[in-house]
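S.K.: Submitted below is the structure of interest, expressed as structure tokens.
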Amino acid sequence: MHHLKRTISLAAILAVLAALVGAQVYKSESWFPVYVNGKAGYIDRTGKVVLEPQFDGASYFSEGFARVSVGLDTIISAGYSQGFIDESGAIVIKPQWDVVSHFSEGLAAVGIDQTKQEMKIGNRTYYSSASHRWYRWGFIDKTGKLLIQNKFSDISEFRNGIAVANLNPSEPKYGFIDKQGKWVIEPKFEHANQFTTEGFARVFINGKYGFIDKTGRIVIKAKFSWARDFSEGFSCVKLGGDVISPVGMSSPRHNSDYAFIDRAGKVMFKVGRGGCESFSEGFARVSVDGGHRVVDKSGTLVFDSTTNVWSEFSEGLAEVFLKGNEIGFIDKTGKIVIRKPFGKADDFYRGLSEVCESYDFGAKCGYIDKAGKFIWQPTK
């Protein structure tokens with residue numbers, strides 16, 4: 001009997017090792033973009049520079065590649081050409097697109113600005129773009145090969161082999177495509193979001209929000225005036241009143257109750273008319289009396305009523321506003337664990353939070369760890 005237990009344990013260990021060997025490990029998963037004198041490079045979690053600042057713009061690495069921007073001559077609005085670098089810092093996909101997404105499941109979306117115009121003055125080439133740009137999107141692989149032509153007006157990243165796509169910006173019909181660009185769920189929705197880990201996707205059809213499964217079947221009837229994606233078994237929905245458009249910048253009218261529903265579409269608890277966010281790490285933000293409070297999955301308000309929570313929980317911490325317009329972070333007990341005079345702070349991601357002196361474009365930004373210690377002082 002003991003011999004059998006040892007055999008099972010050994011088999012389990014071998015299975016785990018096999019999985020680890022098969023999984024791709026990227027050292028760049030712990031790298032962060034920084035700016036020095038207007039140029040972007042990368043640091044690791046300790047603040048050590050791993051790629052010298054040299055690009056006009058840079059983003060986080062994904063699947064061993066990072067988006068970078070290279071400036072173009074412009075006379076009306078600033079413009080950049082975007083491509084990709086690998087972990088050596090070498091440009092491996094030439095900056096030739098007006099905008100690109102990160103890599104997901106081996107593919108990255110690339111967009112061509114439909115408003116950009118080229119003009120020559122002497123021996124110089126200049127570009128101009130409208131203030132409200134729109135793009136034609138396609139997908140490339142990690143060699144830079146265009147696998148799906150630039151024909152979509154809106155797309156999402158790929159998850160589990162499918163992506164949201166829309167062909168016509170003036171009469172939107174959203175559906176889902178595979179990695180060959182073929183429709184796997186026909187374009188028939190007025191708007192759609194990508195499938196979450198819950199297996200449902202939020203859709204907007206006939207002027208209401210509902211949810212479909214991966215066959216395209218409506219599993220929760222489109223009857224809500226607003227809905228957020230499912231997360232941790234719940235979705236925040238608006239039960240009536242004015243419908244909030246899935247696109248546009250109009251301010252929503254909170255003239256009906258919001259509630260959380262389960263995967264069967266059943267209302268689990270209501271949270272009033274202030275609005276609500278998605279669950280993250282067991283908690284969700286709700287608006288109460290002009291402030292941002294937090295509920296658990298029973299619908300109970302947690303933490304002190306004066307705690308104004310400004311972000312979802314990420315890696316065990318959430319952003320809060322403090323007296324004097326300071327920004328800090330609380331843990332899951334509601335205890336303030338970081339108190340700093342930041343002008344802006346992002347969620348913790350890969351162990352660090354990017355903090356900036358203000359919300360202004362071009363403000364100095366740096367990174368803090370979970371103890372609140374700067375590992376990179378703000379620069380720009």
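Just remember, in the structure tokens the first chain shown is A, the second B, etc., residues are 1-based per chain, and ligands are 1-based in the order shown.
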Please return as a VMD selection string: the residues of stretch 61-198 of chain A that backbone DSSP assigns to strand (DSSP E or B).
M.R.: chain A and resid 61 to 62 65 to 71 74 80 to 85 91 to 97 99 to 100 104 107 to 113 117 to 121 124 to 128 135 to 140 146 to 152 154 to 155 159 162 to 166 174 to 177 183 to 189 191 to 192
S.K.: Find the spatial neighbours of A:Tyr359, counting only C-alpha atoms, within a cut-off of 7 Å - ignore same-chain residues fewer than 3 positions away - and output them as an MDAnalysis selection string.
M.R.: chainID A and resid 343:344 363
S.K.: Name all residues at most 8 Å from stretch 28-30 of chain A (count only C-alpha atoms; drop same-chain ones fewer than 4 positions away) and give them as a list of chain:residue names.
M.R.: A:Asp44, A:Arg45, A:Phe61, A:Ser62, A:Gly64, A:Glu87, A:Arg350
S.K.: What separation in Å, quoted to one decimal, exists between atom CA of A:Val302 and atom CA of A:Arg285?
M.R.: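 Rounded to one decimal, the two atoms are 10.2 Å apart.
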S.K.: Name the residues of stretch 18-260 of chain A that fall into helix (DSSP H, G or I) according to DSSP on the backbone, using the chain letters and numbers of this document, as an MDAnalysis selection string.
M.R.: chainID A and resid 18:22 27:30
S.K.: Can you write out the residues you just picked, keeping C-alpha atoms, as a PDB file, in the first residue's frame?
M.R.:
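Everything below was put into again13.pdb:
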ATOM      1  CA  ALA A  18       6.100  17.633 -17.872  1.00  0.00           C
ATOM      2  CA  ALA A  19       3.607  20.474 -17.763  1.00  0.00           C
ATOM      3  CA  LEU A  20       6.279  22.905 -16.622  1.00  0.00           C
ATOM      4  CA  VAL A  21       8.667  21.801 -19.351  1.00  0.00           C
ATOM      5  CA  GLY A  22       5.940  22.211 -21.954  1.00  0.00           C
ATOM      6  CA  LYS A  27      11.913  36.365 -18.570  1.00  0.00           C
ATOM      7  CA  SER A  28      10.174  39.502 -19.853  1.00  0.00           C
ATOM      8  CA  GLU A  29       7.069  38.681 -17.778  1.00  0.00           C
ATOM      9  CA  SER A  30       8.789  40.590 -14.959  1.00  0.00           C
TER      10      SER A  30
END
S.K.: Which one is closest to A:Ile185: A:Ala40, A:Ile212, A:Val99, A:Val337? Count only C-alpha atoms.
M.R.: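 With only C-alpha atoms as the atom set, the closest residue is A:Ile212.
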S.K.: Show which residues sit within 9 Å of A:Arg339, as a count of residues only. Count only C-alpha atoms, and ignore same-chain residues fewer than 5 positions away.
M.R.: 6
S.K.: Which one of A:Lys208, A:Lys340, A:Ser88, A:Ile43 sits closest to A:Gly241 if you count only C-alpha atoms?
M.R.: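 The shortest atom-to-atom distance to A:Gly241 comes from A:Lys208.
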S.K.: Would you pick out the contacts of A:Ala371 at 10 Å or less, using only C-alpha atoms, so that residues sharing its chain but fewer than 2 positions from it are not included, and give the list as a PyMOL selection string?
M.R.: chain A and resi 337-339+352+368-369+373-374
S.K.: Could the residues in this selection be saved with all heavy atoms as a PDB file, in the first residue's frame?
M.R.:
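Below is the file out_8.pdb, written as the result:
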ATOM      1  N   VAL A 337      -2.392  50.100   3.767  1.00  0.00           N
ATOM      2  CA  VAL A 337      -1.037  49.546   3.841  1.00  0.00           C
ATOM      3  C   VAL A 337      -0.023  50.411   3.085  1.00  0.00           C
ATOM      4  O   VAL A 337       1.184  50.280   3.297  1.00  0.00           O
ATOM      5  CB  VAL A 337      -1.002  48.111   3.303  1.00  0.00           C
ATOM      6  CG1 VAL A 337      -1.778  47.179   4.223  1.00  0.00           C
ATOM      7  CG2 VAL A 337      -1.547  48.021   1.885  1.00  0.00           C
ATOM      8  N   ILE A 338      -0.517  51.268   2.175  1.00  0.00           N
ATOM      9  CA  ILE A 338       0.362  52.202   1.461  1.00  0.00           C
ATOM     10  C   ILE A 338      -0.322  53.558   1.471  1.00  0.00           C
ATOM     11  O   ILE A 338      -1.490  53.684   1.109  1.00  0.00           O
ATOM     12  CB  ILE A 338       0.623  51.754   0.009  1.00  0.00           C
ATOM     13  CG1 ILE A 338       1.332  50.407  -0.038  1.00  0.00           C
ATOM     14  CG2 ILE A 338       1.462  52.809  -0.729  1.00  0.00           C
ATOM     15  CD1 ILE A 338       1.501  49.845  -1.435  1.00  0.00           C
ATOM     16  N   ARG A 339       0.406  54.571   1.891  1.00  0.00           N
ATOM     17  CA  ARG A 339      -0.141  55.935   1.936  1.00  0.00           C
ATOM     18  C   ARG A 339       0.914  56.855   1.326  1.00  0.00           C
ATOM     19  O   ARG A 339       1.958  57.111   1.913  1.00  0.00           O
ATOM     20  CB  ARG A 339      -0.442  56.347   3.372  1.00  0.00           C
ATOM     21  CG  ARG A 339      -1.137  57.712   3.506  1.00  0.00           C
ATOM     22  CD  ARG A 339      -1.144  58.151   4.958  1.00  0.00           C
ATOM     23  NE  ARG A 339      -1.905  57.236   5.787  1.00  0.00           N
ATOM     24  CZ  ARG A 339      -3.204  57.370   6.058  1.00  0.00           C
ATOM     25  NH1 ARG A 339      -3.871  58.381   5.540  1.00  0.00           N
ATOM     26  NH2 ARG A 339      -3.804  56.513   6.852  1.00  0.00           N
ATOM     27  N   LEU A 352       4.065  45.120  -9.084  1.00  0.00           N
ATOM     28  CA  LEU A 352       4.346  46.544  -8.972  1.00  0.00           C
ATOM     29  C   LEU A 352       3.134  47.363  -9.397  1.00  0.00           C
ATOM     30  O   LEU A 352       2.256  46.889 -10.122  1.00  0.00           O
ATOM     31  CB  LEU A 352       5.547  46.941  -9.842  1.00  0.00           C
ATOM     32  CG  LEU A 352       6.893  46.270  -9.559  1.00  0.00           C
ATOM     33  CD1 LEU A 352       7.956  46.828 -10.501  1.00  0.00           C
ATOM     34  CD2 LEU A 352       7.318  46.436  -8.114  1.00  0.00           C
ATOM     35  N   ILE A 368       6.141  51.467  -7.657  1.00  0.00           N
ATOM     36  CA  ILE A 368       6.313  51.101  -6.251  1.00  0.00           C
ATOM     37  C   ILE A 368       6.035  49.613  -6.089  1.00  0.00           C
ATOM     38  O   ILE A 368       5.312  48.997  -6.882  1.00  0.00           O
ATOM     39  CB  ILE A 368       5.376  51.897  -5.323  1.00  0.00           C
ATOM     40  CG1 ILE A 368       3.910  51.656  -5.687  1.00  0.00           C
ATOM     41  CG2 ILE A 368       5.725  53.367  -5.343  1.00  0.00           C
ATOM     42  CD1 ILE A 368       2.924  52.207  -4.673  1.00  0.00           C
ATOM     43  N   ASP A 369       6.617  49.025  -5.035  1.00  0.00           N
ATOM     44  CA  ASP A 369       6.314  47.638  -4.704  1.00  0.00           C
ATOM     45  C   ASP A 369       5.190  47.603  -3.663  1.00  0.00           C
ATOM     46  O   ASP A 369       4.635  48.642  -3.292  1.00  0.00           O
ATOM     47  CB  ASP A 369       7.557  46.898  -4.222  1.00  0.00           C
ATOM     48  CG  ASP A 369       8.163  47.484  -2.955  1.00  0.00           C
ATOM     49  OD1 ASP A 369       7.452  48.238  -2.232  1.00  0.00           O
ATOM     50  OD2 ASP A 369       9.333  47.200  -2.660  1.00  0.00           O
ATOM     51  N   LYS A 373       7.447  51.061  -1.443  1.00  0.00           N
ATOM     52  CA  LYS A 373       8.798  51.547  -1.725  1.00  0.00           C
ATOM     53  C   LYS A 373       8.977  51.772  -3.219  1.00  0.00           C
ATOM     54  O   LYS A 373       8.600  50.932  -4.039  1.00  0.00           O
ATOM     55  CB  LYS A 373       9.832  50.531  -1.230  1.00  0.00           C
ATOM     56  CG  LYS A 373      11.271  50.900  -1.546  1.00  0.00           C
ATOM     57  CD  LYS A 373      12.222  49.783  -1.132  1.00  0.00           C
ATOM     58  CE  LYS A 373      13.651  50.095  -1.543  1.00  0.00           C
ATOM     59  NZ  LYS A 373      14.573  48.983  -1.199  1.00  0.00           N
ATOM     60  N   PHE A 374       9.550  52.917  -3.581  1.00  0.00           N
ATOM     61  CA  PHE A 374       9.858  53.182  -4.983  1.00  0.00           C
ATOM     62  C   PHE A 374      10.994  52.268  -5.445  1.00  0.00           C
ATOM     63  O   PHE A 374      12.051  52.245  -4.852  1.00  0.00           O
ATOM     64  CB  PHE A 374      10.281  54.635  -5.196  1.00  0.00           C
ATOM     65  CG  PHE A 374       9.140  55.570  -5.449  1.00  0.00           C
ATOM     66  CD1 PHE A 374       8.700  56.411  -4.445  1.00  0.00           C
ATOM     67  CD2 PHE A 374       8.517  55.596  -6.678  1.00  0.00           C
ATOM     68  CE1 PHE A 374       7.631  57.279  -4.671  1.00  0.00           C
ATOM     69  CE2 PHE A 374       7.455  56.473  -6.911  1.00  0.00           C
ATOM     70  CZ  PHE A 374       7.010  57.309  -5.902  1.00  0.00           C
TER      71      PHE A 374
END
S.K.: Rank nothing, just name the residue among A:Trp31, A:Asn37, A:Gln24, A:Val68 nearest to A:Gly106, using only C-alpha atoms.
M.R.: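 Result for the nearest residue to A:Gly106: A:Gln24.
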S.K.: Which of these, A:Pro341, A:Pro187, A:Gly324, A:Gly265, has the shortest distance to A:Val237 once you count only C-alpha atoms?
M.R.: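 Using only C-alpha atoms, the shortest distance to A:Val237 belongs to A:Gly265.
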S.K.: So what do you get for atom CA of A:Asn168 versus atom CA of A:Ala192, distance-wise?
M.R.: 13.8 Å
S.K.: List as a PyMOL selection string the protein and nucleic acid residues near A:Tyr349, meaning an atom at most 8 Å away when only C-alpha atoms are counted, but skip any in the same chain fewer than 4 places from it.
M.R.: chain A and resi 314-315+353
S.K.: Go ahead and write the selection's residues with N, CA and C atoms as a PDB file, in the first residue's frame.
M.R.:
ATOM      1  N   SER A 314      -6.550  43.886  -6.950  1.00  0.00           N
ATOM      2  CA  SER A 314      -5.598  43.247  -7.854  1.00  0.00           C
ATOM      3  C   SER A 314      -4.371  42.864  -7.048  1.00  0.00           C
ATOM      4  N   GLU A 315      -4.068  41.585  -7.048  1.00  0.00           N
ATOM      5  CA  GLU A 315      -2.939  41.068  -6.274  1.00  0.00           C
ATOM      6  C   GLU A 315      -3.072  41.436  -4.798  1.00  0.00           C
ATOM      7  N   SER A 353       3.095  48.606  -8.944  1.00  0.00           N
ATOM      8  CA  SER A 353       2.086  49.562  -9.383  1.00  0.00           C
ATOM      9  C   SER A 353       2.790  50.760 -10.003  1.00  0.00           C
TER      10      SER A 353
END
S.K.: With only C-alpha atoms as the atoms that count, which of A:Gly175, A:Pro378, A:Gly233, A:Gly275 lies nearest to A:Asp262?
M.R.: A:Gly233
S.K.: Give me the residues near A:Leu146 as a ChimeraX atom specification, where near means some atom within 10 Å (using only C-alpha atoms) and where sequence neighbours in that chain fewer than 6 positions away do not count.
M.R.: /A:107-110,138-140
S.K.: What does the distance from atom CA of A:Tyr35 to atom CA of A:Gly57 come to in Å, to one decimal?
M.R.: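 Calculated distance between atom CA of A:Tyr35 and atom CA of A:Gly57 is 8.4 Å.
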S.K.: With only C-alpha atoms as the basis for distance, which of A:Lys380, A:Lys266, A:Ser170, A:Trp310 is at the shortest distance from A:Asp56?
M.R.: A:Lys380
